[in-house]
>>> print(open('target-v9.csv').read())   # CSV, C-alpha atoms and all ligand atoms
chain,number,residue,atom,x,y,z
A,1,MET,CA,99.8,72.5,100.8
A,2,VAL,CA,101.0,70.2,98.1
A,3,PHE,CA,98.5,67.7,96.6
A,4,GLY,CA,99.1,64.7,94.4
A,5,LEU,CA,97.1,61.9,93.0
A,6,VAL,CA,99.4,58.9,93.1
A,7,GLY,CA,99.2,55.9,90.8
A,8,GLU,CA,100.0,52.3,91.3
A,9,ASP,CA,103.7,53.0,90.4
A,10,GLY,CA,103.9,55.1,93.6
A,11,LEU,CA,104.4,58.4,91.7
A,12,PRO,CA,102.0,61.4,91.3
A,13,PHE,CA,100.3,61.8,87.9
A,14,TRP,CA,98.3,64.9,89.0
A,15,ARG,CA,99.7,67.6,91.4
A,16,ARG,CA,98.8,71.0,92.7
A,17,LYS,CA,100.2,73.5,95.2
A,18,VAL,CA,97.8,75.9,97.1
A,19,PRO,CA,98.2,78.3,100.0
A,20,THR,CA,97.3,76.8,103.4
A,21,GLU,CA,95.7,80.1,104.7
A,22,VAL,CA,96.2,79.2,108.3
A,23,PRO,CA,94.5,82.2,109.8
A,24,LYS,CA,91.2,81.1,108.2
A,25,GLY,CA,91.2,78.2,110.6
A,26,PRO,CA,91.2,74.4,110.5
A,27,GLU,CA,87.7,74.1,109.0
A,28,HIS,CA,88.8,76.1,106.0
A,29,MET,CA,91.9,73.9,105.7
A,30,LEU,CA,89.6,70.8,105.6
A,31,ARG,CA,87.3,72.4,102.9
A,32,THR,CA,90.4,73.2,100.8
A,33,ILE,CA,91.6,69.6,101.1
A,34,ALA,CA,88.2,68.2,100.2
A,35,ALA,CA,87.8,70.6,97.2
A,36,ASN,CA,91.3,69.7,95.8
A,37,ILE,CA,90.6,66.0,96.2
A,38,ASP,CA,87.4,66.5,94.2
A,39,ASP,CA,89.4,68.4,91.5
A,40,ALA,CA,92.0,65.7,91.3
A,41,LEU,CA,89.4,63.0,90.7
A,42,ALA,CA,87.4,65.1,88.3
A,43,GLU,CA,90.4,66.3,86.3
A,44,THR,CA,91.9,62.8,85.9
A,45,GLY,CA,88.6,61.0,85.5
A,46,THR,CA,89.3,58.9,88.5
A,47,ALA,CA,86.4,57.2,90.4
A,48,ARG,CA,86.2,57.9,94.1
A,49,GLU,CA,85.8,54.2,94.7
A,50,ALA,CA,89.2,53.6,93.0
A,51,VAL,CA,91.0,55.6,95.7
A,52,MET,CA,92.6,53.4,98.4
A,53,ALA,CA,93.3,56.1,100.9
A,54,VAL,CA,94.3,59.7,101.6
A,55,GLY,CA,97.8,60.1,103.1
A,56,VAL,CA,98.8,63.3,104.8
A,57,GLY,CA,102.3,64.4,105.9
A,58,MET,CA,102.0,67.4,108.2
A,59,PRO,CA,104.4,69.4,110.4
A,60,GLY,CA,104.7,69.0,114.1
A,61,LYS,CA,103.9,66.2,116.5
A,62,VAL,CA,101.7,63.6,115.0
A,63,ASP,CA,100.1,60.6,116.7
A,64,ALA,CA,100.1,58.5,113.5
A,65,ASP,CA,98.3,55.5,115.2
A,66,ARG,CA,95.3,57.6,116.3
A,67,GLY,CA,95.4,60.1,113.4
A,68,ILE,CA,95.8,63.1,115.7
A,69,CYS,CA,97.9,66.2,115.3
A,70,MET,CA,99.2,66.6,118.9
A,71,GLY,CA,100.7,70.0,118.1
A,72,ALA,CA,101.7,72.0,115.1
A,73,SER,CA,102.3,75.7,116.0
A,74,ASN,CA,102.6,77.0,112.4
A,75,LEU,CA,99.2,75.4,111.6
A,76,ARG,CA,97.8,76.5,114.9
A,77,LEU,CA,96.6,73.0,115.7
A,78,ARG,CA,96.7,71.1,119.0
A,79,ASP,CA,95.1,67.7,119.8
A,80,TYR,CA,93.2,67.9,116.5
A,81,PRO,CA,91.8,64.7,114.9
A,82,VAL,CA,93.0,65.4,111.4
A,83,ALA,CA,92.5,61.9,110.0
A,84,ALA,CA,88.9,61.6,111.3
A,85,LYS,CA,88.1,65.1,110.0
A,86,ILE,CA,89.4,64.4,106.5
A,87,ARG,CA,87.6,61.0,106.5
A,88,GLU,CA,84.4,62.9,107.3
A,89,ALA,CA,85.0,65.6,104.7
A,90,THR,CA,86.0,63.3,101.8
A,91,GLY,CA,84.4,59.9,102.6
A,92,LEU,CA,87.8,58.4,102.1
A,93,PRO,CA,90.0,56.5,104.7
A,94,CYS,CA,92.8,58.8,105.8
A,95,TYR,CA,96.2,58.2,107.5
A,96,ILE,CA,98.6,60.9,108.7
A,97,ASN,CA,102.2,61.2,109.8
A,98,ASN,CA,104.9,63.8,110.2
A,99,ASP,CA,105.9,65.5,107.0
A,100,VAL,CA,109.6,65.1,107.3
A,101,LYS,CA,109.2,61.4,108.0
A,102,MET,CA,106.9,61.1,104.9
A,103,TYR,CA,109.3,63.1,102.7
A,104,ILE,CA,112.2,60.8,103.6
A,105,TYR,CA,110.0,57.7,103.3
A,106,GLY,CA,109.1,58.8,99.8
A,107,GLU,CA,112.8,59.2,98.9
A,108,ALA,CA,113.6,55.8,100.5
A,109,LEU,CA,110.9,54.0,98.5
A,110,TYR,CA,111.1,55.8,95.1
A,111,GLY,CA,113.8,58.4,95.2
A,112,ALA,CA,117.5,58.9,96.0
A,113,ALA,CA,117.6,56.0,98.5
A,114,LYS,CA,115.4,53.5,96.6
A,115,ASP,CA,117.8,50.7,97.0
A,116,SER,CA,118.5,51.3,100.7
A,117,ARG,CA,116.8,49.8,103.7
A,118,HIS,CA,118.2,52.0,106.4
A,119,VAL,CA,118.1,55.7,105.6
A,120,LEU,CA,119.0,58.8,107.6
A,121,GLY,CA,117.3,61.7,106.0
A,122,VAL,CA,117.8,65.4,106.6
A,123,THR,CA,115.6,68.2,105.3
A,124,ILE,CA,117.0,71.7,105.3
A,125,GLY,CA,114.8,74.7,104.5
A,126,THR,CA,113.5,77.3,106.9
A,127,GLY,CA,114.7,74.9,109.6
A,128,LEU,CA,116.5,71.6,109.7
A,129,ALA,CA,114.8,68.3,110.5
A,130,GLY,CA,115.6,64.7,110.2
A,131,ALA,CA,113.9,61.3,109.8
A,132,LEU,CA,114.9,57.7,110.0
A,133,ILE,CA,113.9,54.8,107.9
A,134,ILE,CA,114.9,51.5,109.6
A,135,ASP,CA,114.5,48.2,107.8
A,136,GLY,CA,112.2,50.0,105.3
A,137,GLU,CA,109.9,51.5,107.9
A,138,PRO,CA,109.7,55.1,109.2
A,139,TYR,CA,110.9,55.1,112.8
A,140,GLY,CA,109.0,57.3,115.2
A,141,GLY,CA,110.6,56.7,118.6
A,142,TYR,CA,108.7,57.7,121.7
A,143,ARG,CA,105.8,59.9,120.8
A,144,ASN,CA,106.8,59.7,117.1
A,145,ILE,CA,109.0,62.7,117.5
A,146,SER,CA,112.4,61.2,116.6
A,147,GLY,CA,114.6,63.1,114.2
A,148,GLU,CA,114.8,66.7,115.5
A,149,ILE,CA,118.5,66.9,114.8
A,150,GLY,CA,118.2,70.6,114.0
A,151,HIS,CA,118.2,71.2,117.7
A,152,ILE,CA,121.5,69.4,118.5
A,153,PRO,CA,123.8,72.1,119.9
A,154,ILE,CA,127.0,72.8,118.1
A,155,ASP,CA,130.2,73.9,120.0
A,156,GLY,CA,131.1,77.5,119.4
A,157,VAL,CA,127.8,78.5,117.9
A,158,LYS,CA,126.2,81.3,120.0
A,159,ARG,CA,123.0,82.0,118.0
A,160,VAL,CA,119.7,81.8,119.9
A,161,CYS,CA,117.3,79.3,118.2
A,162,ASN,CA,113.6,79.6,117.7
A,163,CYS,CA,113.3,76.7,120.2
A,164,GLY,CA,114.8,78.9,122.9
A,165,MET,CA,118.1,77.0,123.1
A,166,VAL,CA,121.5,78.4,122.1
A,167,GLY,CA,123.7,77.1,119.3
A,168,CYS,CA,121.3,74.7,117.6
A,169,LEU,CA,122.5,73.1,114.3
A,170,GLU,CA,119.6,74.8,112.4
A,171,THR,CA,120.7,78.3,113.4
A,172,VAL,CA,123.7,77.7,111.0
A,173,VAL,CA,122.5,75.0,108.6
A,174,SER,CA,119.1,76.3,107.2
A,175,ALA,CA,118.1,78.9,104.7
A,176,PRO,CA,117.8,81.6,107.4
A,177,GLY,CA,121.0,80.4,109.0
A,178,LEU,CA,123.0,80.8,105.8
A,179,ALA,CA,121.4,84.1,105.1
A,180,ARG,CA,122.3,85.3,108.6
A,181,SER,CA,125.9,84.3,108.1
A,182,ALA,CA,126.0,86.3,104.9
A,183,ARG,CA,124.4,89.3,106.5
A,184,GLU,CA,126.8,89.2,109.5
A,185,ALA,CA,129.8,89.0,107.2
A,186,VAL,CA,128.7,92.0,105.2
A,187,LEU,CA,127.9,94.0,108.4
A,188,ALA,CA,131.3,93.1,109.7
A,189,GLY,CA,132.8,94.8,106.7
A,190,GLU,CA,134.2,91.7,105.0
A,191,ARG,CA,135.3,92.2,101.4
A,192,THR,CA,132.8,90.0,99.6
A,193,LEU,CA,130.5,89.9,96.6
A,194,LEU,CA,127.6,89.4,99.0
A,195,ALA,CA,127.9,93.1,99.8
A,196,ASP,CA,127.0,94.0,96.2
A,197,TYR,CA,123.9,91.9,95.8
A,198,HIS,CA,121.4,94.0,97.8
A,199,ASP,CA,121.2,97.5,99.1
A,200,ASP,CA,120.0,96.1,102.5
A,201,PRO,CA,122.0,93.1,103.7
A,202,ALA,CA,118.8,91.9,105.5
A,203,GLU,CA,117.7,90.8,102.0
A,204,LEU,CA,120.5,88.3,101.5
A,205,THR,CA,119.4,84.7,101.0
A,206,ALA,CA,120.9,81.2,101.0
A,207,VAL,CA,120.7,81.3,97.2
A,208,ASP,CA,123.0,84.4,97.3
A,209,VAL,CA,125.6,82.4,99.2
A,210,SER,CA,125.6,79.7,96.5
A,211,ARG,CA,125.8,82.3,93.8
A,212,ALA,CA,128.8,84.0,95.5
A,213,PHE,CA,130.3,80.6,96.2
A,214,ASP,CA,130.2,79.8,92.4
A,215,ALA,CA,132.0,83.1,91.7
A,216,GLY,CA,134.8,82.0,94.0
A,217,ASP,CA,134.0,84.4,96.8
A,218,GLN,CA,136.0,83.4,99.9
A,219,THR,CA,133.4,84.6,102.4
A,220,ALA,CA,130.7,82.5,100.7
A,221,ILE,CA,133.0,79.5,100.5
A,222,ALA,CA,133.8,79.9,104.3
A,223,ILE,CA,130.1,80.2,105.2
A,224,MET,CA,129.3,77.0,103.2
A,225,ARG,CA,132.3,75.2,104.6
A,226,HIS,CA,131.3,76.1,108.2
A,227,ALA,CA,127.7,74.9,107.6
A,228,GLY,CA,129.1,71.7,106.0
A,229,ARG,CA,131.4,71.1,109.0
A,230,CYS,CA,128.5,71.6,111.5
A,231,LEU,CA,126.2,69.2,109.6
A,232,GLY,CA,129.1,66.7,109.1
A,233,ASP,CA,129.9,66.7,112.8
A,234,VAL,CA,126.3,65.8,113.8
A,235,LEU,CA,126.1,63.1,111.1
A,236,ALA,CA,129.5,61.8,112.3
A,237,TYR,CA,127.9,61.1,115.7
A,238,LEU,CA,124.7,59.6,114.3
A,239,ILE,CA,126.1,57.3,111.6
A,240,PRO,CA,128.0,54.8,113.8
A,241,MET,CA,124.8,54.4,116.0
A,242,LEU,CA,122.5,53.8,113.1
A,243,SER,CA,124.6,52.4,110.3
A,244,PRO,CA,122.5,53.7,107.5
A,245,ASP,CA,123.2,52.7,103.9
A,246,ALA,CA,122.1,56.1,102.7
A,247,VAL,CA,122.1,59.6,104.0
A,248,ILE,CA,119.7,61.8,102.0
A,249,ILE,CA,119.6,65.6,102.1
A,250,GLY,CA,116.4,67.3,101.0
A,251,GLY,CA,114.6,70.6,101.3
A,252,GLY,CA,115.3,73.9,99.6
A,253,VAL,CA,118.9,74.2,100.9
A,254,ALA,CA,119.7,70.8,99.3
A,255,LEU,CA,119.8,72.7,96.0
A,256,ALA,CA,123.2,73.9,97.2
A,257,GLY,CA,124.3,70.3,96.4
A,258,GLU,CA,128.0,69.6,96.5
A,259,ARG,CA,128.8,73.1,97.7
A,260,LEU,CA,127.5,71.9,101.1
A,261,LEU,CA,127.9,68.1,100.7
A,262,GLY,CA,131.5,68.3,99.6
A,263,THR,CA,132.5,69.5,103.1
A,264,VAL,CA,130.1,67.0,104.8
A,265,ARG,CA,131.9,64.2,102.8
A,266,GLU,CA,135.3,65.4,104.0
A,267,VAL,CA,134.2,65.5,107.6
A,268,LEU,CA,132.7,62.0,107.4
A,269,HIS,CA,135.9,60.6,105.9
A,270,ALA,CA,137.9,62.2,108.6
A,271,LYS,CA,135.7,61.3,111.6
A,272,VAL,CA,133.8,58.1,110.8
A,273,SER,CA,135.2,54.6,110.7
A,274,LYS,CA,135.6,53.3,107.1
A,275,SER,CA,133.3,50.3,107.7
A,276,TYR,CA,130.3,52.7,108.0
A,277,ILE,CA,131.1,55.0,105.1
A,278,GLU,CA,132.9,53.1,102.4
A,279,SER,CA,129.6,52.2,100.7
A,280,LEU,CA,127.5,54.9,102.3
A,281,LYS,CA,125.4,56.8,99.8
A,282,LEU,CA,125.3,60.6,100.6
A,283,GLU,CA,123.1,62.3,98.1
A,284,THR,CA,120.5,65.0,97.6
A,285,ALA,CA,116.8,64.1,97.4
A,286,VAL,CA,115.4,63.8,93.9
A,287,HIS,CA,111.7,64.3,94.2
A,288,ASN,CA,111.6,67.7,96.0
A,289,ASP,CA,108.0,68.8,96.4
A,290,ASP,CA,106.8,65.4,95.3
A,291,ALA,CA,108.7,63.4,98.0
A,292,GLY,CA,106.2,64.2,100.8
A,293,VAL,CA,103.3,63.3,98.5
A,294,ILE,CA,104.9,60.1,97.4
A,295,GLY,CA,105.8,59.1,101.0
A,296,SER,CA,102.4,60.1,102.4
A,297,ALA,CA,100.6,58.1,99.7
A,298,ALA,CA,102.8,55.0,100.3
A,299,TRP,CA,102.1,55.3,104.1
A,300,ALA,CA,98.4,55.5,103.6
A,301,VAL,CA,98.3,52.5,101.3
A,302,LYS,CA,100.4,50.5,103.7
A,303,LYS,CA,98.2,51.4,106.7
A,304,SER,CA,95.0,50.8,104.8
A,305,LYS,CA,96.1,47.2,104.2
A,306,GLU,CA,96.9,46.5,107.9
B,401,ZN,ZN,116.8,74.8,118.5
>>> encode(input="target-v9.csv", output="structure tokens", more="lines below")
Ligand SMILES: [Zn+2]
Amino acid sequence: MVFGLVGEDGLPFWRRKVPTEVPKGPEHMLRTIAANIDDALAETGTAREAVMAVGVGMPGKVDADRGICMGASNLRLRDYPVAAKIREATGLPCYINNDVKMYIYGEALYGAAKDSRHVLGVTIGTGLAGALIIDGEPYGGYRNISGEIGHIPIDGVKRVCNCGMVGCLETVVSAPGLARSAREAVLAGERTLLADYHDDPAELTAVDVSRAFDAGDQTAIAIMRHAGRCLGDVLAYLIPMLSPDAVIIGGGVALAGERLLGTVREVLHAKVSKSYIESLKLETAVHNDDAGVIGSAAWAVKKSKE
């Protein structure tokens, strides 16, 4: 869990990262949240009465209107009234939404897309997720679950995804996806620097792919280009429908930067009509861990005024 106390400028001036400790159960999670909010106020000399609201971005299916987590398997929550529980534990109004939506909302308001009204955001880490900001507002779609573009199937990809389908975008474009491509190349006997990094190819990571890429390794370059083409192809379908003025790539794998985005740019220029992309901003997120905090805080402030 990442905590931040956010000032009137929309940015955090106190922050902390703590383990979620899921196996200890939801009540433990609530106590951790309440304790860290107490610390934030005490350490910054902020009066509780000065806090407008608590905003929470959380994984999974979130009913933002009712403040209920409908299902988040990695938190072991189902139909859990998160907002009401936090309100009870802290005495503060609380508003929740999906974490990826809040991350991209944060980037759209105060980050890489701060001058854009229509933002298509992608976060790439252990998986790949997306979010839309339309006319300055996070777009939920039916059940507030829009954006799961990591599960769009890609032609020619045969990997089985965690979701049970075959060939999902995130099986290639994610930290585990890139690591798997590296591992498969080494196990196939390709002559690559990747073979020298670890005794056991199972230890290869996405960061290793970037490192070998920078050393001019052809295998690493091919892995990154393939990932860029897969992501570019999906964006090439989405962009004409949505006409965003910015596409923002966040999450840990965004640190690959132009190694990945270079190919995405090439694909978009080849496959998308000029009118959509001549002034399209395609950039990496700037706030990283803070983006979710910034977006969640802005969401809570907005909802508390409604
Ligand atoms: Zn999938």
>>> residues_near_ligand(input="target-v9.csv", ligand="ligand ZN 401 (chain B)", cutoff="9 Å", atoms="all atoms listed in the file", output="ChimeraX atom specification")
/A:148-153,160-171
>>> closest_residue(input="target-v9.csv", among="A:Gly55, A:Pro138, A:Pro93, A:Gly127", to="Leu178 (chain A)", atoms="all atoms listed in the file")
A:Gly127
>>> closest_residue(input="target-v9.csv", among="A:Ser146, A:Asn97, A:Thr219, A:Ser73", to="Val54 (chain A)", atoms="all atoms listed in the file")
A:Asn97
>>> atom_distance(input="target-v9.csv", atom1="CA of Gly67 (chain A)", atom2="CA of Ile145 (chain A)")
14.4 Å
>>> closest_residue(input="target-v9.csv", among="A:Lys61, A:Arg76, A:Arg48, A:Lys303", to="Glu21 (chain A)", atoms="all atoms listed in the file")
A:Arg76
>>> closest_residue(input="target-v9.csv", among="A:Met29, A:Val272, A:Leu194, A:Ala47", to="Met241 (chain A)", atoms="all atoms listed in the file")
A:Val272
>>> closest_residue(input="target-v9.csv", among="A:Arg265, A:His118, A:Lys271, A:Arg15", to="Ile133 (chain A)", atoms="all atoms listed in the file")
A:His118
>>> closest_residue(input="target-v9.csv", among="A:Tyr197, A:Trp14, A:Tyr103, A:Tyr276", to="Leu235 (chain A)", atoms="all atoms listed in the file")
A:Tyr276
>>> axis_aligned_box(input="target-v9.csv", around="region 215-218 of chain A", padding_each_side="6 Å", output="lines of an AutoDock Vina configuration file")
center_x = 134.0
center_y = 83.2
center_z = 95.8
size_x = 16.0
size_y = 14.4
size_z = 20.2
>>> atom_distance(input="target-v9.csv", atom1="CA of Ser210 (chain A)", atom2="CA of Ala291 (chain A)")
23.5 Å
>>> residues_around(input="target-v9.csv", residues="Val264 (chain A)", least_positions_apart="6", cutoff="12 Å", atoms="all atoms listed in the file", output="number ranges by chain")
A: 173, 224-236, 247-249, 257-258, 270-272, 282-283
>>> write_last_selection(input="target-v9.csv", atoms="C-alpha atoms", output="PDB file, keeping the file's coordinate frame")
ATOM      1  CA  VAL A 173     122.500  75.000 108.600  1.00  0.00           C
ATOM      2  CA  MET A 224     129.300  77.000 103.200  1.00  0.00           C
ATOM      3  CA  ARG A 225     132.300  75.200 104.600  1.00  0.00           C
ATOM      4  CA  HIS A 226     131.300  76.100 108.200  1.00  0.00           C
ATOM      5  CA  ALA A 227     127.700  74.900 107.600  1.00  0.00           C
ATOM      6  CA  GLY A 228     129.100  71.700 106.000  1.00  0.00           C
ATOM      7  CA  ARG A 229     131.400  71.100 109.000  1.00  0.00           C
ATOM      8  CA  CYS A 230     128.500  71.600 111.500  1.00  0.00           C
ATOM      9  CA  LEU A 231     126.200  69.200 109.600  1.00  0.00           C
ATOM     10  CA  GLY A 232     129.100  66.700 109.100  1.00  0.00           C
ATOM     11  CA  ASP A 233     129.900  66.700 112.800  1.00  0.00           C
ATOM     12  CA  VAL A 234     126.300  65.800 113.800  1.00  0.00           C
ATOM     13  CA  LEU A 235     126.100  63.100 111.100  1.00  0.00           C
ATOM     14  CA  ALA A 236     129.500  61.800 112.300  1.00  0.00           C
ATOM     15  CA  VAL A 247     122.100  59.600 104.000  1.00  0.00           C
ATOM     16  CA  ILE A 248     119.700  61.800 102.000  1.00  0.00           C
ATOM     17  CA  ILE A 249     119.600  65.600 102.100  1.00  0.00           C
ATOM     18  CA  GLY A 257     124.300  70.300  96.400  1.00  0.00           C
ATOM     19  CA  GLU A 258     128.000  69.600  96.500  1.00  0.00           C
ATOM     20  CA  ALA A 270     137.900  62.200 108.600  1.00  0.00           C
ATOM     21  CA  LYS A 271     135.700  61.300 111.600  1.00  0.00           C
ATOM     22  CA  VAL A 272     133.800  58.100 110.800  1.00  0.00           C
ATOM     23  CA  LEU A 282     125.300  60.600 100.600  1.00  0.00           C
ATOM     24  CA  GLU A 283     123.100  62.300  98.100  1.00  0.00           C
TER      25      GLU A 283
END
>>> residues_around(input="target-v9.csv", residues="Ala254 (chain A)", least_positions_apart="3", cutoff="10 Å", atoms="only C-alpha atoms", output="ChimeraX atom specification")
/A:122-125,174-175,248-251,257-261,283-286,288
>>> write_last_selection(input="target-v9.csv", atoms="C-alpha atoms", output="short mmCIF file (atom, residue, chain, number, x, y, z; two decimals), keeping the file's coordinate frame")
data_model
loop_
_atom_site.label_atom_id
_atom_site.label_comp_id
_atom_site.auth_asym_id
_atom_site.auth_seq_id
_atom_site.Cartn_x
_atom_site.Cartn_y
_atom_site.Cartn_z
CA VAL A 122 117.80 65.40 106.60
CA THR A 123 115.60 68.20 105.30
CA ILE A 124 117.00 71.70 105.30
CA GLY A 125 114.80 74.70 104.50
CA SER A 174 119.10 76.30 107.20
CA ALA A 175 118.10 78.90 104.70
CA ILE A 248 119.70 61.80 102.00
CA ILE A 249 119.60 65.60 102.10
CA GLY A 250 116.40 67.30 101.00
CA GLY A 251 114.60 70.60 101.30
CA GLY A 257 124.30 70.30 96.40
CA GLU A 258 128.00 69.60 96.50
CA ARG A 259 128.80 73.10 97.70
CA LEU A 260 127.50 71.90 101.10
CA LEU A 261 127.90 68.10 100.70
CA GLU A 283 123.10 62.30 98.10
CA THR A 284 120.50 65.00 97.60
CA ALA A 285 116.80 64.10 97.40
CA VAL A 286 115.40 63.80 93.90
CA ASN A 288 111.60 67.70 96.00
#
>>> atom_distance(input="target-v9.csv", atom1="CA of Arg78 (chain A)", atom2="CA of Met58 (chain A)")
12.6 Å
>>> residues_around(input="target-v9.csv", residues="Leu280 (chain A)", least_positions_apart="5", cutoff="12 Å", atoms="all atoms listed in the file", output="PDB file with C-alpha atoms, in the frame of the given file")
ATOM      1  CA  ALA A 113     117.600  56.000  98.500  1.00  0.00           C
ATOM      2  CA  ASP A 115     117.800  50.700  97.000  1.00  0.00           C
ATOM      3  CA  SER A 116     118.500  51.300 100.700  1.00  0.00           C
ATOM      4  CA  ARG A 117     116.800  49.800 103.700  1.00  0.00           C
ATOM      5  CA  HIS A 118     118.200  52.000 106.400  1.00  0.00           C
ATOM      6  CA  VAL A 119     118.100  55.700 105.600  1.00  0.00           C
ATOM      7  CA  LEU A 120     119.000  58.800 107.600  1.00  0.00           C
ATOM      8  CA  ILE A 239     126.100  57.300 111.600  1.00  0.00           C
ATOM      9  CA  PRO A 240     128.000  54.800 113.800  1.00  0.00           C
ATOM     10  CA  LEU A 242     122.500  53.800 113.100  1.00  0.00           C
ATOM     11  CA  SER A 243     124.600  52.400 110.300  1.00  0.00           C
ATOM     12  CA  PRO A 244     122.500  53.700 107.500  1.00  0.00           C
ATOM     13  CA  ASP A 245     123.200  52.700 103.900  1.00  0.00           C
ATOM     14  CA  ALA A 246     122.100  56.100 102.700  1.00  0.00           C
ATOM     15  CA  VAL A 247     122.100  59.600 104.000  1.00  0.00           C
ATOM     16  CA  ILE A 248     119.700  61.800 102.000  1.00  0.00           C
ATOM     17  CA  ARG A 265     131.900  64.200 102.800  1.00  0.00           C
ATOM     18  CA  LEU A 268     132.700  62.000 107.400  1.00  0.00           C
ATOM     19  CA  HIS A 269     135.900  60.600 105.900  1.00  0.00           C
ATOM     20  CA  VAL A 272     133.800  58.100 110.800  1.00  0.00           C
ATOM     21  CA  SER A 273     135.200  54.600 110.700  1.00  0.00           C
ATOM     22  CA  LYS A 274     135.600  53.300 107.100  1.00  0.00           C
ATOM     23  CA  SER A 275     133.300  50.300 107.700  1.00  0.00           C
TER      24      SER A 275
END
>>> residues_around(input="target-v9.csv", residues="Phe213 (chain A)", least_positions_apart="3", cutoff="10 Å", atoms="all atoms listed in the file", output="JSON, numbers by chain")
{"A": [193, 194, 207, 208, 209, 210, 216, 217, 218, 219, 220, 221, 222, 223, 224, 256, 259]}
>>> residues_around(input="target-v9.csv", residues="Leu92 (chain A)", least_positions_apart="4", cutoff="8 Å", atoms="only C-alpha atoms", output="list in words")
Val51, Met52, Ala53, Val54, Ile86, Arg87 and Glu88 of chain A
>>> write_last_selection(input="target-v9.csv", atoms="C-alpha atoms", output="CSV table (one decimal), keeping the file's coordinate frame")
chain,number,residue,atom,x,y,z
A,51,VAL,CA,91.0,55.6,95.7
A,52,MET,CA,92.6,53.4,98.4
A,53,ALA,CA,93.3,56.1,100.9
A,54,VAL,CA,94.3,59.7,101.6
A,86,ILE,CA,89.4,64.4,106.5
A,87,ARG,CA,87.6,61.0,106.5
A,88,GLU,CA,84.4,62.9,107.3
>>> build_atoms(input="target-v9.csv", residues="region 58-73 of chain A", atoms="N, CA and C atoms", output="JSON list (two decimals), keeping the file's coordinate frame")
[["chain", "number", "residue", "atom", "x", "y", "z"],
["A", 58, "MET", "N", 102.21, 66.03, 107.68],
["A", 58, "MET", "CA", 102.00, 67.40, 108.20],
["A", 58, "MET", "C", 103.05, 67.71, 109.28],
["A", 59, "PRO", "N", 103.32, 69.01, 109.46],
["A", 59, "PRO", "CA", 104.40, 69.40, 110.40],
["A", 59, "PRO", "C", 103.97, 69.13, 111.84],
["A", 60, "GLY", "N", 104.95, 69.11, 112.69],
["A", 60, "GLY", "CA", 104.70, 69.00, 114.10],
["A", 60, "GLY", "C", 104.62, 67.61, 114.66],
["A", 61, "LYS", "N", 104.02, 67.51, 115.85],
["A", 61, "LYS", "CA", 103.90, 66.20, 116.50],
["A", 61, "LYS", "C", 102.67, 65.51, 116.09],
["A", 62, "VAL", "N", 102.83, 64.35, 115.51],
["A", 62, "VAL", "CA", 101.70, 63.60, 115.00],
["A", 62, "VAL", "C", 101.58, 62.26, 115.61],
["A", 63, "ASP", "N", 100.42, 61.97, 116.18],
["A", 63, "ASP", "CA", 100.10, 60.60, 116.70],
["A", 63, "ASP", "C", 99.59, 59.84, 115.47],
["A", 64, "ALA", "N", 100.49, 59.12, 114.79],
["A", 64, "ALA", "CA", 100.10, 58.50, 113.50],
["A", 64, "ALA", "C", 99.13, 57.32, 113.78],
["A", 65, "ASP", "N", 99.22, 56.65, 114.92],
["A", 65, "ASP", "CA", 98.30, 55.50, 115.20],
["A", 65, "ASP", "C", 96.88, 55.99, 115.37],
["A", 66, "ARG", "N", 96.70, 57.12, 116.05],
["A", 66, "ARG", "CA", 95.30, 57.60, 116.30],
["A", 66, "ARG", "C", 94.89, 58.68, 115.30],
["A", 67, "GLY", "N", 95.81, 59.11, 114.42],
["A", 67, "GLY", "CA", 95.40, 60.10, 113.40],
["A", 67, "GLY", "C", 95.24, 61.50, 113.95],
["A", 68, "ILE", "N", 95.96, 61.79, 115.03],
["A", 68, "ILE", "CA", 95.80, 63.10, 115.70],
["A", 68, "ILE", "C", 97.01, 63.95, 115.60],
["A", 69, "CYS", "N", 96.79, 65.22, 115.26],
["A", 69, "CYS", "CA", 97.90, 66.20, 115.30],
["A", 69, "CYS", "C", 97.99, 66.66, 116.78],
["A", 70, "MET", "N", 99.09, 66.31, 117.45],
["A", 70, "MET", "CA", 99.20, 66.60, 118.90],
["A", 70, "MET", "C", 99.65, 68.09, 119.06],
["A", 71, "GLY", "N", 100.32, 68.64, 118.05],
["A", 71, "GLY", "CA", 100.70, 70.00, 118.10],
["A", 71, "GLY", "C", 101.51, 70.45, 116.90],
["A", 72, "ALA", "N", 101.02, 71.47, 116.21],
["A", 72, "ALA", "CA", 101.70, 72.00, 115.10],
["A", 72, "ALA", "C", 101.52, 73.53, 115.12],
["A", 73, "SER", "N", 102.53, 74.23, 115.68],
["A", 73, "SER", "CA", 102.30, 75.70, 116.00],
["A", 73, "SER", "C", 102.12, 76.47, 114.71]]
